[in-house]
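Colleague: Mind looking over this structure? Questions follow.
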Amino acid sequence: MKQGRFGIAAILVVLLAASSVEGARLKDIAFFKGVRSNQLVGYGLVVGLNGTGDSTNVDFTIRSIANMLERMGINIPRERILMTRPKNVAAVMVTATLPPFSTMGNRIDVSVSSIGDSTNLAGGTLLMAPLVGPDRQVYALAQGAVATGGFAVSGASGSSVQKNHPTAGLISRGALIEKEVPVTLDGKKELALTLFHPDFTTAEKVREVINRTMGGVYSRCVDSGTIKIAVPESYQDRVPEWMASLERLEVTPDSVAKVILNEKTGTVVLGEKVRISTVAVAHGNLSIQIKERYNVSQPLPLSPESRTGGASTVVPPREGTGPIVTPGGATVVTPESSIAVKEEGKPMIILPSGADLGEVVKALNGIGATPRDLIAILLAIKAAGALQADLEVY
């Protein structure tokens with residue numbers, strides 16, 4: 001039996017409620033310009049691996065081993081190192097994030113990732129690797145045991161089992177900060193606040209909240225993502241305290257009406273501001289079932305054809321092939337197909353003009369729309385010009 005209707009599996013549906021949005025803290029939607037993290041990167045060697053390091057085909061690993069030994073006063077030619085065929089060393093890239101106001105002596109986490117043909121970094125130890133910033137200055141030194149959080153096991157026959165990614169790992173508090181990024185706040189007369197998601201309406205709301213709280217005109221909008229704030233004279237010698245009081249202010253950010261559709265996973269995300277003009281919607285599923293069976297007519301053993309040695313003809317179920325002739329009674333096989341078509345009758349619904357998210361969801365659920373049905377319906381509503389929202393399809 002062939003089934004023409006496929007089951008629809010909804011992976012995830014996210015429907016944002018149409019209730020009022022609670023205010024967000026200012027620190028959750030914006031940051032002060034200049035108070036930021038910095039990315040660090042470095043190159044190093046992981047040693048102590050159990051035969052899972054880089055092969056001799058990785059030239060830069062061999063060169064790194066030779067250079068490392070030379071700096072330690074051991075001068076061994078590169079050819080001699082190749083002859084030993086070291087498999088317990090892997091070349092890695094080391095990355096870390098330097099938080100703002102980090103001081104010398106503090107420790108930060110580092111990530112270690114193989115760049116050669118190493119198969120597993122489990123059990124390895126990263127040798128001291130300098131971490132540099134965009135200015136090529138060394139800001140931290142990383143070293144320590146690598147924790148991969150996974151494993152990889154293979155047999156002699158070629159079968160293997162792997163969990164997570166054993167070629168990447170983490171060293172908790174594995175880097176020691178050696179240089180600070182200077183940030184001076186005391187004495188500043190003006191600060192700039194930058195929104196994570198620039199929006200003129202949100203910037204204006206932030207300005208109003210700050211001015212209302214400070215009891216005067218202390219802030220102004222420069223553009224959709226920047227608000228300049230004048231530091232009061234009473235706080236110029238304790239700017240961090242004043243910044244902390246601003247971070248606790250609550251602002252209700254504005255958002256763009258947007259609908260996100262992901263047909264691969266069946267995900268539908270509807271924003272709160274989504275509105276729909278007056279439109280009628282009808283959506284139904286068409287089910288087609290095709291059943292095939294074969295009727296076989298088999299004569300009795302003592303039938304006249306069988307006693308006289310007659311031949312039996314078997315009619316093949318597929319066209320394009322000749323008949324099969326066998327001695328005995330006539331056996332006839334004939335195909336029989338039945339086709340059934342069923343169309344589900346879904347009622348037509350009318351979405352009034354200006355319908356909000358709650359009304360839309362309630363109406364579509366009323367006709368039994370699944371997430372994949374919602375994708376088709378919303379695309380059709382957008383094509384009709386009735387969906388007042390930005391539609392993004394992935």
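All residue names refer to the structure tokens as shown: chains lettered A, B, ... in order, residues numbered from 1 in each chain, ligands numbered from 1 in order.
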Do a neighbour search on A:Phe101 at 10 Å with only C-alpha atoms, toss out local chain neighbours closer than 4 positions, and write the hits as an MDAnalysis selection string.
Modeller: chainID A and resid 35:37 180:184
Colleague: To test your reading of the structure, identify every residue in stretch 39-117 of chain A that backbone DSSP assigns to alpha helix (DSSP H), and report it as a list in words.
Modeller: Asp59, Phe60, Thr61, Ile62, Arg63, Ser64, Ile65, Ala66, Asn67, Met68, Leu69, Glu70, Arg71, Arg78, Glu79, Arg80, Ile81, Leu82, Met83 and Thr84 of chain A
Colleague: Would you mind exporting the chosen residues as a JSON list (two decimals), in the first residue's frame, restricted to N, CA and C atoms?
Modeller:
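After the write, selection_29.json holds the following:
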[["chain", "number", "residue", "atom", "x", "y", "z"],
["A", 59, "ASP", "N", 53.98, 19.29, 9.29],
["A", 59, "ASP", "CA", 55.32, 19.88, 9.35],
["A", 59, "ASP", "C", 55.44, 20.91, 10.46],
["A", 60, "PHE", "N", 54.40, 21.75, 10.66],
["A", 60, "PHE", "CA", 54.55, 22.82, 11.65],
["A", 60, "PHE", "C", 54.63, 22.27, 13.07],
["A", 61, "THR", "N", 54.05, 21.09, 13.32],
["A", 61, "THR", "CA", 54.18, 20.50, 14.65],
["A", 61, "THR", "C", 55.62, 20.07, 14.92],
["A", 62, "ILE", "N", 56.25, 19.45, 13.91],
["A", 62, "ILE", "CA", 57.65, 19.03, 14.06],
["A", 62, "ILE", "C", 58.55, 20.25, 14.26],
["A", 63, "ARG", "N", 58.30, 21.31, 13.49],
["A", 63, "ARG", "CA", 59.11, 22.53, 13.64],
["A", 63, "ARG", "C", 58.91, 23.15, 15.02],
["A", 64, "SER", "N", 57.67, 23.10, 15.53],
["A", 64, "SER", "CA", 57.40, 23.66, 16.85],
["A", 64, "SER", "C", 58.11, 22.88, 17.94],
["A", 65, "ILE", "N", 58.14, 21.55, 17.81],
["A", 65, "ILE", "CA", 58.85, 20.74, 18.79],
["A", 65, "ILE", "C", 60.34, 21.07, 18.79],
["A", 66, "ALA", "N", 60.91, 21.19, 17.58],
["A", 66, "ALA", "CA", 62.34, 21.52, 17.48],
["A", 66, "ALA", "C", 62.64, 22.89, 18.08],
["A", 67, "ASN", "N", 61.79, 23.89, 17.81],
["A", 67, "ASN", "CA", 62.01, 25.24, 18.35],
["A", 67, "ASN", "C", 61.85, 25.25, 19.87],
["A", 68, "MET", "N", 60.88, 24.49, 20.38],
["A", 68, "MET", "CA", 60.68, 24.45, 21.82],
["A", 68, "MET", "C", 61.89, 23.84, 22.53],
["A", 69, "LEU", "N", 62.40, 22.73, 21.99],
["A", 69, "LEU", "CA", 63.57, 22.09, 22.59],
["A", 69, "LEU", "C", 64.81, 22.98, 22.50],
["A", 70, "GLU", "N", 64.91, 23.72, 21.39],
["A", 70, "GLU", "CA", 66.06, 24.61, 21.23],
["A", 70, "GLU", "C", 66.03, 25.74, 22.26],
["A", 71, "ARG", "N", 64.85, 26.28, 22.55],
["A", 71, "ARG", "CA", 64.74, 27.34, 23.56],
["A", 71, "ARG", "C", 65.08, 26.82, 24.95],
["A", 78, "ARG", "N", 65.86, 18.63, 13.02],
["A", 78, "ARG", "CA", 64.47, 18.28, 12.69],
["A", 78, "ARG", "C", 64.38, 16.86, 12.15],
["A", 79, "GLU", "N", 65.39, 16.41, 11.41],
["A", 79, "GLU", "CA", 65.36, 15.06, 10.84],
["A", 79, "GLU", "C", 65.37, 14.00, 11.93],
["A", 80, "ARG", "N", 66.10, 14.27, 13.03],
["A", 80, "ARG", "CA", 66.13, 13.31, 14.13],
["A", 80, "ARG", "C", 64.77, 13.21, 14.81],
["A", 81, "ILE", "N", 64.10, 14.34, 14.89],
["A", 81, "ILE", "CA", 62.76, 14.32, 15.49],
["A", 81, "ILE", "C", 61.81, 13.52, 14.61],
["A", 82, "LEU", "N", 61.94, 13.65, 13.29],
["A", 82, "LEU", "CA", 61.09, 12.89, 12.39],
["A", 82, "LEU", "C", 61.33, 11.39, 12.54],
["A", 83, "MET", "N", 62.56, 11.00, 12.81],
["A", 83, "MET", "CA", 62.88, 9.58, 12.96],
["A", 83, "MET", "C", 62.23, 8.99, 14.20],
["A", 84, "THR", "N", 62.05, 9.81, 15.24],
["A", 84, "THR", "CA", 61.40, 9.29, 16.46],
["A", 84, "THR", "C", 59.90, 9.13, 16.30]]
Colleague: Taking into account only C-alpha atoms, which residue in the set A:Glu359, A:Glu190, A:Glu250, A:Asp390 is nearest to A:Val269?
Modeller: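 Of all the options, A:Asp390 lies closest to A:Val269.
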Colleague: Within 12 Å of A:Ser245, counting only C-alpha atoms, which residues qualify if same-chain residues fewer than 6 places away don't, as a ChimeraX atom specification?
Modeller: /A:25-27,210,213-214,235,238-239
Colleague: Just the selected residues (C-alpha atoms), exported as a PDB file, in the first residue's frame, please.
Modeller:
ATOM      1  CA  ARG A  25      17.266  46.280  33.063  1.00  0.00           C
ATOM      2  CA  LEU A  26      19.383  48.782  31.239  1.00  0.00           C
ATOM      3  CA  LYS A  27      22.439  46.523  31.634  1.00  0.00           C
ATOM      4  CA  ILE A 210      17.450  58.463  32.632  1.00  0.00           C
ATOM      5  CA  THR A 213      15.401  59.400  37.301  1.00  0.00           C
ATOM      6  CA  MET A 214      18.151  62.041  37.460  1.00  0.00           C
ATOM      7  CA  TYR A 235      29.422  61.737  40.846  1.00  0.00           C
ATOM      8  CA  ARG A 238      32.768  58.086  41.878  1.00  0.00           C
ATOM      9  CA  VAL A 239      31.638  57.310  38.344  1.00  0.00           C
TER      10      VAL A 239
END
Colleague: For A:Ala192, work out the shell of residues within 7 Å, counting only C-alpha atoms and skipping chain neighbours fewer than 3 positions away, then give it as a PyMOL selection string.
Modeller: chain A and resi 32-33+226-229
Colleague: Determine, counting only C-alpha atoms, which protein, DNA and RNA residues have an atom within 8 Å of an atom of A:Ser172; residues of the same chain fewer than 2 positions away are not included. Present the result as a VMD selection string.
Modeller: chain A and resid 108 to 110 170 174
Colleague: List every residue of stretch 79-221 of chain A that DSSP, applied to the backbone of this structure, places in strand (DSSP E or B), and write the result as a PyMOL selection string.
Modeller: chain A and resi 90-98+107-114+125-132+138-145+147+151-154+160-163+168-177+190-195+219-221
Colleague: May I have the residues within 8 Å of stretch 374-383 of chain A as a PDB file with N, CA and C atoms, in the first residue's frame, using only C-alpha atoms and disregarding those fewer than 5 positions away in the same chain?
Modeller:
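Final file, around-v9.pdb:
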ATOM      1  N   LEU A 261      10.266  31.826  10.196  1.00  0.00           N
ATOM      2  CA  LEU A 261       9.824  30.500   9.765  1.00  0.00           C
ATOM      3  C   LEU A 261      11.048  29.658   9.419  1.00  0.00           C
ATOM      4  N   GLU A 263      11.435  26.019   7.860  1.00  0.00           N
ATOM      5  CA  GLU A 263      10.736  24.856   7.318  1.00  0.00           C
ATOM      6  C   GLU A 263      11.483  23.565   7.594  1.00  0.00           C
ATOM      7  N   GLY A 266      10.368  22.957  11.268  1.00  0.00           N
ATOM      8  CA  GLY A 266       8.973  23.211  11.601  1.00  0.00           C
ATOM      9  C   GLY A 266       8.809  24.264  12.674  1.00  0.00           C
ATOM     10  N   VAL A 268       8.133  27.937  14.183  1.00  0.00           N
ATOM     11  CA  VAL A 268       7.413  29.167  13.865  1.00  0.00           C
ATOM     12  C   VAL A 268       7.534  30.103  15.063  1.00  0.00           C
ATOM     13  N   VAL A 279      -8.567  39.223   6.514  1.00  0.00           N
ATOM     14  CA  VAL A 279      -8.280  38.194   5.531  1.00  0.00           C
ATOM     15  C   VAL A 279      -9.033  36.928   5.915  1.00  0.00           C
ATOM     16  N   VAL A 281      -9.138  32.757   5.711  1.00  0.00           N
ATOM     17  CA  VAL A 281      -8.186  31.662   5.583  1.00  0.00           C
ATOM     18  C   VAL A 281      -8.928  30.342   5.607  1.00  0.00           C
ATOM     19  N   HIS A 283      -7.785  26.181   5.051  1.00  0.00           N
ATOM     20  CA  HIS A 283      -6.637  25.289   4.834  1.00  0.00           C
ATOM     21  C   HIS A 283      -7.080  23.857   5.085  1.00  0.00           C
ATOM     22  N   LEU A 364      -5.990  30.153  14.331  1.00  0.00           N
ATOM     23  CA  LEU A 364      -5.311  29.078  13.591  1.00  0.00           C
ATOM     24  C   LEU A 364      -5.372  27.761  14.346  1.00  0.00           C
ATOM     25  N   ALA A 369      -4.473  23.840  12.873  1.00  0.00           N
ATOM     26  CA  ALA A 369      -3.251  24.058  12.102  1.00  0.00           C
ATOM     27  C   ALA A 369      -2.039  23.584  12.892  1.00  0.00           C
ATOM     28  N   GLN A 388       1.219  42.268   8.448  1.00  0.00           N
ATOM     29  CA  GLN A 388       1.950  43.498   8.730  1.00  0.00           C
ATOM     30  C   GLN A 388       3.161  43.175   9.618  1.00  0.00           C
ATOM     31  N   LEU A 391       8.858  39.114   7.393  1.00  0.00           N
ATOM     32  CA  LEU A 391       8.833  37.664   7.317  1.00  0.00           C
ATOM     33  C   LEU A 391      10.202  37.160   6.909  1.00  0.00           C
TER      34      LEU A 391
END
Colleague: Could you check the closest approach to A:Leu45 for each of A:Ala363, A:Gly116, A:Leu127, A:Val251 and tell me which residue wins, using only C-alpha atoms?
Modeller: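 Using only C-alpha atoms, A:Leu45 sits closest to A:Leu127.
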Colleague: Quick one: of A:Ile74, A:Ile260, A:Leu176, A:Ala90, who's nearest to A:Asn57, counting only C-alpha atoms?
Modeller: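 Comparing A:Ile74, A:Ile260, A:Leu176, A:Ala90 against A:Asn57, the winner is A:Ala90.
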Colleague: For A:Val92, find every residue with an atom within 7 Å (counting only C-alpha atoms), except residues of its own chain fewer than 2 positions away, and show them as a PDB file with N, CA and C atoms, in the first residue's frame.
Modeller:
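Produced file around_9.pdb, reproduced below:
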ATOM      1  N   TYR A  43      49.160  30.295  20.084  1.00  0.00           N
ATOM      2  CA  TYR A  43      49.516  29.003  19.496  1.00  0.00           C
ATOM      3  C   TYR A  43      50.340  28.241  20.519  1.00  0.00           C
ATOM      4  N   GLY A  44      50.092  26.920  20.628  1.00  0.00           N
ATOM      5  CA  GLY A  44      50.833  26.137  21.601  1.00  0.00           C
ATOM      6  C   GLY A  44      50.871  24.672  21.252  1.00  0.00           C
ATOM      7  N   LEU A  45      51.496  23.903  22.138  1.00  0.00           N
ATOM      8  CA  LEU A  45      51.624  22.458  21.977  1.00  0.00           C
ATOM      9  C   LEU A  45      50.986  21.757  23.157  1.00  0.00           C
ATOM     10  N   VAL A  46      50.234  20.715  22.849  1.00  0.00           N
ATOM     11  CA  VAL A  46      49.669  19.839  23.881  1.00  0.00           C
ATOM     12  C   VAL A  46      50.487  18.557  23.882  1.00  0.00           C
ATOM     13  N   ALA A  90      50.520  17.499  19.955  1.00  0.00           N
ATOM     14  CA  ALA A  90      49.573  18.074  18.993  1.00  0.00           C
ATOM     15  C   ALA A  90      49.692  19.590  19.011  1.00  0.00           C
ATOM     16  N   VAL A  94      44.936  28.411  20.858  1.00  0.00           N
ATOM     17  CA  VAL A  94      44.403  28.714  22.189  1.00  0.00           C
ATOM     18  C   VAL A  94      43.679  30.055  22.118  1.00  0.00           C
ATOM     19  N   VAL A 112      41.024  25.240  23.842  1.00  0.00           N
ATOM     20  CA  VAL A 112      42.125  24.653  23.086  1.00  0.00           C
ATOM     21  C   VAL A 112      41.530  23.849  21.932  1.00  0.00           C
ATOM     22  N   SER A 113      42.013  24.075  20.707  1.00  0.00           N
ATOM     23  CA  SER A 113      41.492  23.394  19.530  1.00  0.00           C
ATOM     24  C   SER A 113      42.642  22.923  18.656  1.00  0.00           C
ATOM     25  N   SER A 114      42.583  21.665  18.231  1.00  0.00           N
ATOM     26  CA  SER A 114      43.645  21.090  17.402  1.00  0.00           C
ATOM     27  C   SER A 114      43.594  21.679  16.001  1.00  0.00           C
ATOM     28  N   ILE A 115      44.786  21.919  15.412  1.00  0.00           N
ATOM     29  CA  ILE A 115      44.856  22.419  14.038  1.00  0.00           C
ATOM     30  C   ILE A 115      45.600  21.443  13.134  1.00  0.00           C
TER      31      ILE A 115
END
Colleague: For A:Thr56, which residue out of A:Lys188, A:Lys87, A:Met72, A:Ala384 is the nearest one, using only C-alpha atoms?
Modeller: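 That would be A:Lys87, the residue with the smallest distance to A:Thr56.
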